[in-house]
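Below: my_file.txt (compact mmCIF, C-alpha atoms)
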```txt
# COMPACT_ATOMS: atom_id res chain seq x y z
CA MET D 24 -156.62 -74.01 140.81
CA ALA D 25 -154.79 -74.49 137.52
CA GLY D 26 -154.34 -78.12 136.72
CA CYS D 27 -157.36 -79.30 138.72
CA CYS D 28 -160.23 -81.23 137.28
CA GLU D 29 -163.34 -82.94 138.52
CA ASN D 30 -163.18 -84.34 142.05
CA ASP D 31 -160.16 -82.12 142.73
CA GLN D 32 -157.80 -84.69 141.20
CA PRO D 33 -154.89 -83.43 139.10
CA LEU D 34 -155.21 -83.63 135.37
CA SER D 35 -152.61 -85.72 133.57
CA PRO D 36 -152.08 -86.24 129.84
CA GLY D 37 -153.66 -89.46 128.68
CA GLY D 38 -155.38 -89.91 132.02
CA GLY D 39 -158.89 -89.80 130.61
CA ARG D 40 -159.83 -86.91 132.87
CA SER D 41 -162.04 -83.91 132.06
CA LEU D 42 -161.05 -80.30 131.57
CA VAL D 43 -163.04 -77.06 131.38
CA ILE D 44 -161.69 -74.17 129.32
CA ALA D 45 -163.18 -70.75 128.65
CA LEU D 46 -162.51 -68.51 125.67
CA ALA D 47 -162.33 -64.80 126.47
CA GLY D 48 -161.57 -61.84 124.23
CA ASN D 49 -162.71 -58.62 122.63
CA PRO D 50 -165.60 -58.57 120.17
CA ASN D 51 -164.54 -59.39 116.60
CA CYS D 52 -161.23 -60.98 117.63
CA GLY D 53 -162.09 -64.34 116.02
CA LYS D 54 -163.07 -65.99 119.30
CA SER D 55 -166.14 -67.70 117.83
CA ALA D 56 -164.08 -68.98 114.89
CA LEU D 57 -161.63 -70.57 117.33
CA PHE D 58 -164.50 -72.02 119.37
CA ASN D 59 -165.97 -73.56 116.22
CA ALA D 60 -162.56 -74.93 115.20
CA PHE D 61 -162.27 -76.63 118.59
CA THR D 62 -165.78 -78.02 118.92
CA GLY D 63 -167.16 -78.38 115.37
CA ILE D 64 -170.80 -79.45 115.56
CA ARG D 65 -170.48 -80.66 119.14
CA GLN D 66 -171.85 -77.47 120.65
CA LYS D 67 -175.05 -76.08 122.07
CA THR D 68 -176.38 -72.61 122.76
CA GLY D 69 -178.45 -71.57 125.75
CA ASN D 70 -178.58 -68.70 128.21
CA TRP D 71 -176.53 -67.86 131.26
CA PRO D 72 -178.63 -68.36 134.42
CA GLY D 73 -180.96 -65.46 135.08
CA VAL D 74 -179.95 -63.36 132.06
CA THR D 75 -180.60 -63.24 128.32
CA VAL D 76 -176.91 -63.37 127.34
CA ASP D 77 -176.12 -66.36 125.11
CA ARG D 78 -174.07 -69.20 126.57
CA LYS D 79 -172.24 -71.28 123.97
CA GLU D 80 -170.81 -74.59 125.16
CA GLY D 81 -169.04 -77.28 123.16
CA ARG D 82 -166.97 -80.41 123.63
CA PHE D 83 -163.85 -81.93 122.10
CA GLU D 84 -161.05 -84.28 123.07
CA LEU D 85 -157.46 -83.33 123.80
CA ASP D 86 -154.95 -86.16 124.32
CA GLU D 87 -157.67 -88.51 125.65
CA CYS D 88 -158.94 -85.71 127.90
CA LYS D 89 -162.59 -84.73 127.52
CA VAL D 90 -162.69 -80.95 127.19
CA THR D 91 -165.70 -78.70 127.75
CA ALA D 92 -165.27 -75.30 126.09
CA ILE D 93 -167.23 -72.22 127.17
CA ASP D 94 -167.40 -69.25 124.80
CA LEU D 95 -167.58 -66.20 127.09
CA PRO D 96 -169.25 -62.99 125.84
CA GLY D 97 -166.98 -60.72 123.83
CA ILE D 98 -165.98 -57.76 126.02
CA TYR D 99 -163.36 -55.00 126.09
CA SER D 100 -162.81 -54.97 129.86
CA LEU D 101 -163.88 -56.53 133.16
CA ASP D 102 -165.18 -53.30 134.66
CA ALA D 103 -168.64 -54.91 134.81
CA SER D 104 -170.45 -51.86 133.47
CA SER D 105 -172.51 -54.04 131.11
CA LEU D 106 -174.38 -57.33 131.44
CA ASP D 107 -171.84 -59.16 129.26
CA GLU D 108 -168.98 -57.97 131.47
CA LYS D 109 -170.80 -59.06 134.62
CA VAL D 110 -171.42 -62.54 133.18
CA THR D 111 -167.74 -62.93 132.29
CA ARG D 112 -166.53 -61.54 135.62
CA ASP D 113 -168.79 -63.82 137.68
CA TYR D 114 -167.76 -66.88 135.68
CA LEU D 115 -164.05 -66.15 136.08
CA LEU D 116 -164.44 -65.57 139.82
CA SER D 117 -166.27 -68.89 140.17
CA ARG D 118 -163.03 -70.66 139.11
CA GLU D 119 -165.10 -73.25 137.25
CA ALA D 120 -162.68 -73.17 134.32
CA ASN D 121 -159.31 -74.88 134.63
CA LEU D 122 -157.91 -72.67 131.91
CA ILE D 123 -158.71 -69.41 130.10
CA VAL D 124 -157.79 -69.03 126.43
CA ASN D 125 -157.46 -65.30 125.82
CA VAL D 126 -158.07 -64.71 122.11
CA ILE D 127 -156.30 -61.59 120.82
CA ASP D 128 -156.65 -59.84 117.48
CA ALA D 129 -153.01 -59.57 116.36
CA GLY D 130 -153.84 -56.54 114.25
CA ASN D 131 -155.06 -54.58 117.32
CA LEU D 132 -152.59 -55.81 119.91
CA GLU D 133 -152.53 -52.89 122.35
CA ARG D 134 -156.31 -52.56 122.58
CA ASN D 135 -156.73 -56.30 123.16
CA LEU D 136 -153.97 -56.45 125.78
CA TYR D 137 -156.01 -54.24 128.13
CA LEU D 138 -158.35 -57.20 128.75
CA THR D 139 -155.32 -59.51 129.07
CA VAL D 140 -153.92 -57.32 131.84
CA GLN D 141 -157.21 -57.59 133.72
CA LEU D 142 -157.33 -61.36 133.28
CA LEU D 143 -153.82 -61.60 134.72
CA GLU D 144 -154.96 -59.47 137.68
CA MET D 145 -157.61 -62.09 138.40
CA GLY D 146 -154.94 -64.78 138.61
CA VAL D 147 -156.67 -67.13 136.17
CA PRO D 148 -154.43 -69.68 134.38
CA LEU D 149 -153.99 -68.23 130.92
CA VAL D 150 -152.94 -69.16 127.41
CA VAL D 151 -152.93 -66.39 124.79
CA ALA D 152 -154.07 -67.23 121.27
CA LEU D 153 -152.63 -64.55 118.99
CA ASN D 154 -155.34 -64.84 116.35
CA MET D 155 -155.79 -63.37 112.85
CA MET D 156 -152.06 -63.48 112.15
CA ASP D 157 -152.77 -63.61 108.41
CA VAL D 158 -154.46 -60.21 108.57
CA ALA D 159 -151.62 -58.81 110.70
CA ARG D 160 -149.02 -60.01 108.21
CA LYS D 161 -150.90 -58.41 105.31
CA ARG D 162 -150.86 -55.13 107.20
CA GLY D 163 -147.12 -55.33 107.80
CA ILE D 164 -147.41 -56.15 111.51
CA GLN D 165 -144.92 -58.61 112.99
CA ILE D 166 -145.14 -59.65 116.63
CA ASP D 167 -142.45 -61.35 118.70
CA ALA D 168 -144.63 -64.03 120.30
CA GLU D 169 -141.80 -65.42 122.45
CA LYS D 170 -141.08 -62.02 123.96
CA LEU D 171 -144.78 -61.44 124.55
CA ALA D 172 -144.95 -64.78 126.36
CA THR D 173 -142.03 -63.70 128.56
CA GLU D 174 -143.71 -60.38 129.37
CA LEU D 175 -147.02 -62.01 130.29
CA GLY D 176 -145.61 -65.15 131.92
CA CYS D 177 -147.86 -67.48 129.92
CA PRO D 178 -147.74 -69.27 126.54
CA VAL D 179 -148.51 -67.15 123.49
CA VAL D 180 -149.35 -69.03 120.28
CA PRO D 181 -149.84 -67.34 116.88
CA VAL D 182 -152.89 -68.85 115.16
CA VAL D 183 -155.30 -68.35 112.28
CA ALA D 184 -158.52 -69.90 113.53
CA VAL D 185 -160.34 -69.92 110.19
CA THR D 186 -157.59 -71.96 108.46
CA GLY D 187 -156.40 -74.03 111.41
CA GLU D 188 -152.88 -72.57 111.41
CA GLY D 189 -151.22 -73.01 114.82
CA LEU D 190 -154.12 -74.90 116.42
CA THR D 191 -152.06 -78.04 117.06
CA GLU D 192 -149.46 -76.08 119.02
CA LEU D 193 -152.18 -74.12 120.82
CA LYS D 194 -153.82 -77.33 122.05
CA ALA D 195 -150.46 -78.66 123.24
CA ARG D 196 -149.73 -75.48 125.21
CA MET D 197 -153.24 -75.51 126.68
CA LEU D 198 -152.67 -79.01 127.98
CA ALA D 199 -149.24 -78.02 129.34
CA VAL D 200 -150.75 -75.18 131.39
CA ALA D 201 -153.67 -77.31 132.55
CA THR D 202 -151.25 -79.99 133.82
CA GLU D 203 -149.02 -77.30 135.40
CA GLN D 204 -146.10 -78.14 133.14
CA GLU D 205 -146.07 -74.47 132.08
CA ARG D 206 -146.90 -71.34 133.98
CA GLY D 207 -150.25 -69.69 133.26
CA GLY D 208 -149.24 -66.05 133.68
CA PHE D 209 -148.48 -63.64 136.48
CA SER D 210 -150.15 -60.43 137.57
CA LEU D 211 -148.43 -57.30 136.34
CA ALA D 212 -147.43 -54.97 139.17
CA HIS D 213 -149.10 -51.61 139.80
CA ASP D 214 -147.52 -48.49 141.24
CA GLU D 215 -145.70 -48.97 144.54
CA VAL D 216 -148.27 -47.03 146.55
CA VAL D 217 -151.08 -49.20 145.13
CA GLU D 218 -149.16 -52.44 145.81
CA GLN D 219 -148.65 -51.38 149.44
CA ALA D 220 -152.37 -50.72 149.78
CA LEU D 221 -153.16 -54.15 148.30
CA LEU D 222 -150.96 -55.83 150.91
CA GLU D 223 -152.77 -54.02 153.72
CA LEU D 224 -156.22 -54.92 152.43
CA ASP D 225 -155.22 -58.54 151.81
CA GLY D 226 -155.16 -59.25 155.54
CA LEU D 227 -158.61 -57.72 156.06
CA LEU D 228 -160.50 -59.79 153.50
CA ASP D 229 -162.20 -63.12 154.16
CA GLU D 230 -161.86 -64.48 150.61
CA PRO D 231 -160.04 -67.86 150.90
CA ASP D 232 -158.65 -67.84 147.34
CA ASN D 233 -155.42 -65.81 147.18
CA ALA D 234 -155.97 -64.67 143.58
CA ASN D 235 -159.56 -63.65 144.27
CA ARG D 236 -158.45 -61.83 147.40
CA ARG D 237 -155.92 -59.69 145.50
CA TRP D 238 -158.47 -58.94 142.81
CA LEU D 239 -161.10 -58.04 145.42
CA ALA D 240 -158.64 -55.67 147.12
CA LEU D 241 -157.87 -54.03 143.79
CA LYS D 242 -161.56 -53.53 143.01
CA LEU D 243 -162.09 -52.07 146.47
CA LEU D 244 -159.47 -49.45 145.67
CA GLU D 245 -161.41 -48.74 142.48
CA ASP D 246 -164.54 -48.27 144.62
CA ASP D 247 -166.36 -51.08 142.81
CA ASP D 248 -169.89 -51.75 144.16
CA TYR D 249 -169.57 -55.52 143.74
CA ALA D 250 -166.36 -55.61 145.78
CA ARG D 251 -167.78 -53.33 148.46
CA ALA D 252 -170.75 -55.67 148.92
CA LEU D 253 -168.39 -58.59 149.59
CA ALA D 254 -165.88 -56.83 151.85
CA PRO D 255 -166.16 -56.66 155.67
CA GLN D 256 -166.63 -53.31 157.38
CA ALA D 257 -163.01 -53.15 158.56
CA ALA D 258 -161.78 -53.43 154.97
CA LEU D 259 -164.19 -50.72 153.80
CA GLU D 260 -163.01 -48.32 156.49
CA ARG D 261 -159.36 -48.99 155.72
CA THR D 262 -160.05 -48.52 152.01
CA GLU D 263 -161.28 -44.97 152.64
CA GLN D 264 -158.06 -44.17 154.48
CA LEU D 265 -155.97 -45.72 151.73
CA HIS D 266 -157.79 -43.66 149.11
CA ARG D 267 -156.69 -40.47 150.80
CA HIS D 268 -153.15 -41.75 151.26
CA ILE D 269 -152.79 -42.78 147.60
CA GLU D 270 -154.20 -39.50 146.34
CA GLN D 271 -151.79 -37.55 148.53
CA ARG D 272 -148.80 -39.60 147.37
CA SER D 273 -149.65 -39.75 143.66
CA GLY D 274 -151.68 -36.59 143.10
CA GLU D 275 -154.34 -38.64 141.29
CA GLU D 276 -157.57 -40.36 142.27
CA THR D 277 -157.00 -44.03 143.04
CA ASP D 278 -159.22 -45.48 140.30
CA VAL D 279 -157.65 -43.20 137.70
CA LEU D 280 -154.16 -44.24 138.82
CA ILE D 281 -155.04 -47.94 138.50
CA LEU D 282 -156.66 -47.36 135.10
CA ASP D 283 -153.58 -45.49 133.85
CA SER D 284 -151.37 -48.30 135.11
CA ARG D 285 -153.35 -50.89 133.12
CA PHE D 286 -153.21 -48.85 129.95
CA GLY D 287 -149.52 -48.22 130.56
CA HIS D 288 -148.84 -51.96 130.87
CA ALA D 289 -150.75 -52.71 127.67
CA HIS D 290 -148.97 -49.90 125.81
CA SER D 291 -145.45 -50.80 126.94
CA VAL D 292 -145.90 -54.54 126.34
CA ALA D 293 -147.37 -53.96 122.87
CA ASN D 294 -144.59 -51.59 121.86
CA GLY D 295 -141.95 -53.97 123.19
CA VAL D 296 -143.08 -56.98 121.14
CA LEU D 297 -143.82 -55.33 117.81
CA ARG D 298 -140.58 -56.59 116.30
CA GLN D 299 -140.95 -54.85 112.96
CA ARG D 300 -143.38 -52.24 111.84
CA GLY D 301 -143.81 -52.38 108.13
CA ARG D 302 -145.76 -49.84 106.22
CA ILE D 303 -149.27 -50.66 107.34
CA GLY D 304 -151.70 -50.45 104.49
CA HIS D 305 -155.02 -48.77 105.14
CA THR D 306 -158.16 -50.67 104.23
CA LEU D 307 -161.15 -49.03 102.55
CA SER D 308 -162.91 -49.07 105.94
CA ASP D 309 -159.94 -47.23 107.50
CA ARG D 310 -160.07 -44.55 104.81
CA ILE D 311 -163.81 -44.06 105.25
CA ASP D 312 -163.39 -43.84 109.03
CA ARG D 313 -160.71 -41.19 108.69
CA LEU D 314 -163.12 -39.10 106.63
CA VAL D 315 -166.42 -39.51 108.47
CA LEU D 316 -164.83 -39.39 111.94
CA ASN D 317 -162.68 -36.36 111.18
CA ARG D 318 -163.18 -33.61 113.76
CA MET D 319 -163.63 -30.91 111.10
CA LEU D 320 -165.25 -32.85 108.26
CA GLY D 321 -167.43 -35.29 110.22
CA ILE D 322 -170.49 -33.04 110.62
CA PRO D 323 -170.43 -31.63 107.04
CA VAL D 324 -170.16 -35.19 105.68
CA PHE D 325 -173.10 -36.24 107.86
CA LEU D 326 -175.23 -33.33 106.58
CA VAL D 327 -174.35 -34.12 102.95
CA VAL D 328 -175.28 -37.78 103.42
CA MET D 329 -178.62 -36.85 105.01
CA TYR D 330 -179.33 -34.43 102.15
CA LEU D 331 -178.61 -37.13 99.57
CA MET D 332 -180.87 -39.57 101.41
CA PHE D 333 -183.78 -37.16 100.94
CA LEU D 334 -182.74 -36.10 97.44
CA PHE D 335 -182.63 -39.63 96.05
CA PRO D 336 -186.26 -40.69 96.69
CA ILE D 337 -187.66 -37.29 95.76
CA ASN D 338 -185.76 -36.45 92.55
CA ILE D 339 -184.25 -39.68 91.29
CA GLY D 340 -187.05 -41.91 92.51
CA GLY D 341 -189.60 -39.58 90.90
CA ALA D 342 -188.30 -40.49 87.44
CA PHE D 343 -189.60 -44.03 87.89
CA ILE D 344 -193.06 -43.07 89.13
CA ALA D 345 -194.65 -43.01 85.65
CA PHE D 346 -193.04 -46.35 84.76
CA PHE D 347 -194.23 -48.14 87.90
CA ALA D 348 -197.68 -46.48 87.64
CA GLY D 349 -198.05 -47.78 84.08
CA VAL D 350 -196.91 -51.29 85.00
CA ALA D 351 -199.16 -51.40 88.06
CA GLY D 352 -202.11 -50.07 86.04
CA SER D 353 -201.64 -52.66 83.32
CA LEU D 354 -201.36 -55.53 85.75
CA PHE D 355 -203.82 -54.69 88.46
CA VAL D 356 -206.41 -52.62 86.55
CA GLY D 357 -206.42 -53.61 82.87
CA GLY D 358 -205.09 -57.12 83.41
CA PHE D 359 -207.42 -57.90 86.32
CA GLY D 360 -210.37 -56.48 84.39
CA GLU D 361 -209.62 -58.70 81.39
CA LEU D 362 -209.38 -61.71 83.70
CA LEU D 363 -212.78 -60.96 85.24
CA THR D 364 -214.27 -60.48 81.78
CA CYS D 365 -213.00 -63.89 80.68
CA TRP D 366 -214.58 -65.42 83.75
CA GLY D 367 -217.88 -63.75 82.86
CA CYS D 368 -217.88 -61.62 85.94
CA LEU D 369 -218.05 -58.37 83.98
CA ASP D 370 -220.47 -57.54 81.16
CA LEU D 371 -218.88 -54.83 79.07
```
Structure rendered as structure tokens:
Amino acid sequence: MAGCCENDQPLSPGGGRSLVIALAGNPNCGKSALFNAFTGIRQKTGNWPGVTVDRKEGRFELDECKVTAIDLPGIYSLDASSLDEKVTRDYLLSREANLIVNVIDAGNLERNLYLTVQLLEMGVPLVVALNMMDVARKRGIQIDAEKLATELGCPVVPVVAVTGEGLTELKARMLAVATEQERGGFSLAHDEVVEQALLELDGLLDEPDNANRRWLALKLLEDDDYARALAPQAALERTEQLHRHIEQRSGEETDVLILDSRFGHAHSVANGVLRQRGRIGHTLSDRIDRLVLNRMLGIPVFLVVMYLMFLFPINIGGAFIAFFAGVAGSLFVGGFGELLTCWGCLDL
């Protein structure tokens, strides 16, 4: 449905049509900063229907096209194990958005690409915003955006949302994908045995949308409850047979095999596009993490911190007790008594 707009009429640059985009990404990837850069003050916050998860919606114009932007909850995956993931999954499956802008933290490329792989599996038209490039450059990380675009099959635009760097090009590529002038990504292939199973299940599912049907078949192989509730009985029975077949062929459980394939894709793509790896400097937060999360030192550090938390109020705080007692006595006892005396309330 890429390139469609209201009333199922194709979107064309300068045609005065409307477009719906959704921003998806990991928490702390700068997604909200990009949303604010797009929409400015033309935004509102509410709730997704039936849940307490915030729904942020804003509007802006793009080449005479009225754009509605939806800021999806920040998530790490589409496994739908949390309420935020379910909200994002259901919205993507609804195909309400003409385009998904996947915001990626350039400094944590491999971790962020795991969600990208899942978005590509869903067959949603995609543009990747490689955000926080200024931070990546400071850490000595250089990414070949053109090669990454080739690997994913969709435009990849380096941006810095907080300064506006790259936003003009990003908007142009968004419009190109929405008008089907550029491709919006392709699903990365799984192991051969899994792909064969997907083809078999495809013919047993009633889902009319081809992309949704492939995704539904993949979730069936992962034994997802949501997918099982939507699938006909014939597909469920065949899925059980395919589980056994895949496990015999691969020696692994089906869901584990699919999970490993996703991580493998993210790992290989990330390693292939990191054009130069400079000496990455460690931030103060990184150094603290290495200490407090160390397997051997973590627990001793925790015990020392807890001891200091009790030591400070008892020993160090005790030195100020006399001072605060004197100040409080002067103000609230002597001072208040003098005030009452002046008012004639006390006869000394």
Near Arg267 in chain D, counting all atoms listed in the file, which residues have an atom at most 9 Å away, once you skip same-chain residues fewer than 4 positions from it, shown as a PyMOL selection string? chain D and resi 262-263+271-272+276-277
Could you dump the residues just selected with C-alpha atoms as an mmCIF file, in the coordinates of the input?
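Output below, filename out03.cif:
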```cif
data_model
loop_
_atom_site.group_PDB
_atom_site.id
_atom_site.type_symbol
_atom_site.label_atom_id
_atom_site.label_comp_id
_atom_site.auth_asym_id
_atom_site.auth_seq_id
_atom_site.Cartn_x
_atom_site.Cartn_y
_atom_site.Cartn_z
ATOM 1 C CA THR D 262 -160.050 -48.520 152.010
ATOM 2 C CA GLU D 263 -161.280 -44.970 152.640
ATOM 3 C CA GLN D 271 -151.790 -37.550 148.530
ATOM 4 C CA ARG D 272 -148.800 -39.600 147.370
ATOM 5 C CA GLU D 276 -157.570 -40.360 142.270
ATOM 6 C CA THR D 277 -157.000 -44.030 143.040
#
```
List the spatial neighbours of range 53-61 of chain D as a list in words - criterion: any atom at most 6 Å away, only C-alpha atoms, same-chain residues fewer than 2 positions off excluded.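 After dropping sequence-adjacent residues, the list is Asn51, Gly63, Val126 and Ala184 of chain D.
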Compute the distance from (-167.3, -56.8, 130.3) to each atom, counting only C-alpha atoms, keep the residues with any atom at most 10 Å away, and return them as a list in words; use the coordinates of the file. Gly48, Asn49, Leu95, Pro96, Gly97, Ile98, Tyr99, Ser100, Leu101, Asp102, Ala103, Ser104, Ser105, Leu106, Asp107, Glu108, Lys109, Val110, Thr111, Arg112 and Leu138 of chain D
Residues within 8 Å of (-154.9, -44.5, 143.0), counting all atoms listed in the file, listed as a list in words: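 These residues have at least one counted atom within 8 Å: Val216, Val217, Leu244, Glu245, His266, Ile269, Glu270, Ser273, Glu275, Glu276, Thr277, Asp278, Val279, Leu280 and Ile281 of chain D.
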Any idea what the distance is between CA of Gln256 in chain D and CA of Leu227 in chain D?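 Between CA of Gln256 in chain D and CA of Leu227 in chain D the gap is 9.2 Å.
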Please measure the separation of CA of Thr75 in chain D and CA of Leu116 in chain D, giving the value in Å to one decimal.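 Interatomic distance here is 20.0 Å.
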Could you tell me which of D:Glu87, D:Asp128, D:Asp214, D:Glu144 comes closest to Asp157 in chain D if we count all atoms listed in the file?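 The answer is D:Asp128, which sits nearest to Asp157 in chain D.
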Write out as an mmCIF file with C-alpha atoms, in the frame of the given file each polymer residue whose atoms come within 12 Å of range 80-86 of chain D, counting only C-alpha atoms; drop sequence neighbours fewer than 5 positions from it.
```cif
data_model
loop_
_atom_site.group_PDB
_atom_site.id
_atom_site.type_symbol
_atom_site.label_atom_id
_atom_site.label_comp_id
_atom_site.auth_asym_id
_atom_site.auth_seq_id
_atom_site.Cartn_x
_atom_site.Cartn_y
_atom_site.Cartn_z
ATOM 1 C CA LEU D 34 -155.210 -83.630 135.370
ATOM 2 C CA SER D 35 -152.610 -85.720 133.570
ATOM 3 C CA PRO D 36 -152.080 -86.240 129.840
ATOM 4 C CA GLY D 37 -153.660 -89.460 128.680
ATOM 5 C CA GLY D 38 -155.380 -89.910 132.020
ATOM 6 C CA GLY D 39 -158.890 -89.800 130.610
ATOM 7 C CA ARG D 40 -159.830 -86.910 132.870
ATOM 8 C CA SER D 41 -162.040 -83.910 132.060
ATOM 9 C CA LEU D 42 -161.050 -80.300 131.570
ATOM 10 C CA VAL D 43 -163.040 -77.060 131.380
ATOM 11 C CA ILE D 44 -161.690 -74.170 129.320
ATOM 12 C CA ALA D 45 -163.180 -70.750 128.650
ATOM 13 C CA LEU D 46 -162.510 -68.510 125.670
ATOM 14 C CA SER D 55 -166.140 -67.700 117.830
ATOM 15 C CA LEU D 57 -161.630 -70.570 117.330
ATOM 16 C CA PHE D 58 -164.500 -72.020 119.370
ATOM 17 C CA ASN D 59 -165.970 -73.560 116.220
ATOM 18 C CA ALA D 60 -162.560 -74.930 115.200
ATOM 19 C CA PHE D 61 -162.270 -76.630 118.590
ATOM 20 C CA THR D 62 -165.780 -78.020 118.920
ATOM 21 C CA GLY D 63 -167.160 -78.380 115.370
ATOM 22 C CA ILE D 64 -170.800 -79.450 115.560
ATOM 23 C CA ARG D 65 -170.480 -80.660 119.140
ATOM 24 C CA GLN D 66 -171.850 -77.470 120.650
ATOM 25 C CA LYS D 67 -175.050 -76.080 122.070
ATOM 26 C CA THR D 68 -176.380 -72.610 122.760
ATOM 27 C CA GLY D 69 -178.450 -71.570 125.750
ATOM 28 C CA ASN D 70 -178.580 -68.700 128.210
ATOM 29 C CA TRP D 71 -176.530 -67.860 131.260
ATOM 30 C CA THR D 91 -165.700 -78.700 127.750
ATOM 31 C CA ALA D 92 -165.270 -75.300 126.090
ATOM 32 C CA ILE D 93 -167.230 -72.220 127.170
ATOM 33 C CA ASP D 94 -167.400 -69.250 124.800
ATOM 34 C CA LEU D 95 -167.580 -66.200 127.090
ATOM 35 C CA PRO D 96 -169.250 -62.990 125.840
ATOM 36 C CA LEU D 190 -154.120 -74.900 116.420
ATOM 37 C CA THR D 191 -152.060 -78.040 117.060
ATOM 38 C CA GLU D 192 -149.460 -76.080 119.020
ATOM 39 C CA LEU D 193 -152.180 -74.120 120.820
ATOM 40 C CA LYS D 194 -153.820 -77.330 122.050
ATOM 41 C CA ALA D 195 -150.460 -78.660 123.240
ATOM 42 C CA ARG D 196 -149.730 -75.480 125.210
ATOM 43 C CA MET D 197 -153.240 -75.510 126.680
ATOM 44 C CA LEU D 198 -152.670 -79.010 127.980
ATOM 45 C CA ALA D 199 -149.240 -78.020 129.340
ATOM 46 C CA ALA D 201 -153.670 -77.310 132.550
ATOM 47 C CA THR D 202 -151.250 -79.990 133.820
#
```
What is the distance between CA of Leu175 in chain D and CA of Asn121 in chain D, in Å to one decimal? 18.3 Å
What's around Val182 in chain D at 7 Å? Count all atoms listed in the file, leave out sequence neighbours fewer than 4 positions away in its own chain, and write the answer as a PyMOL selection string. chain D and resi 152-156+188-190
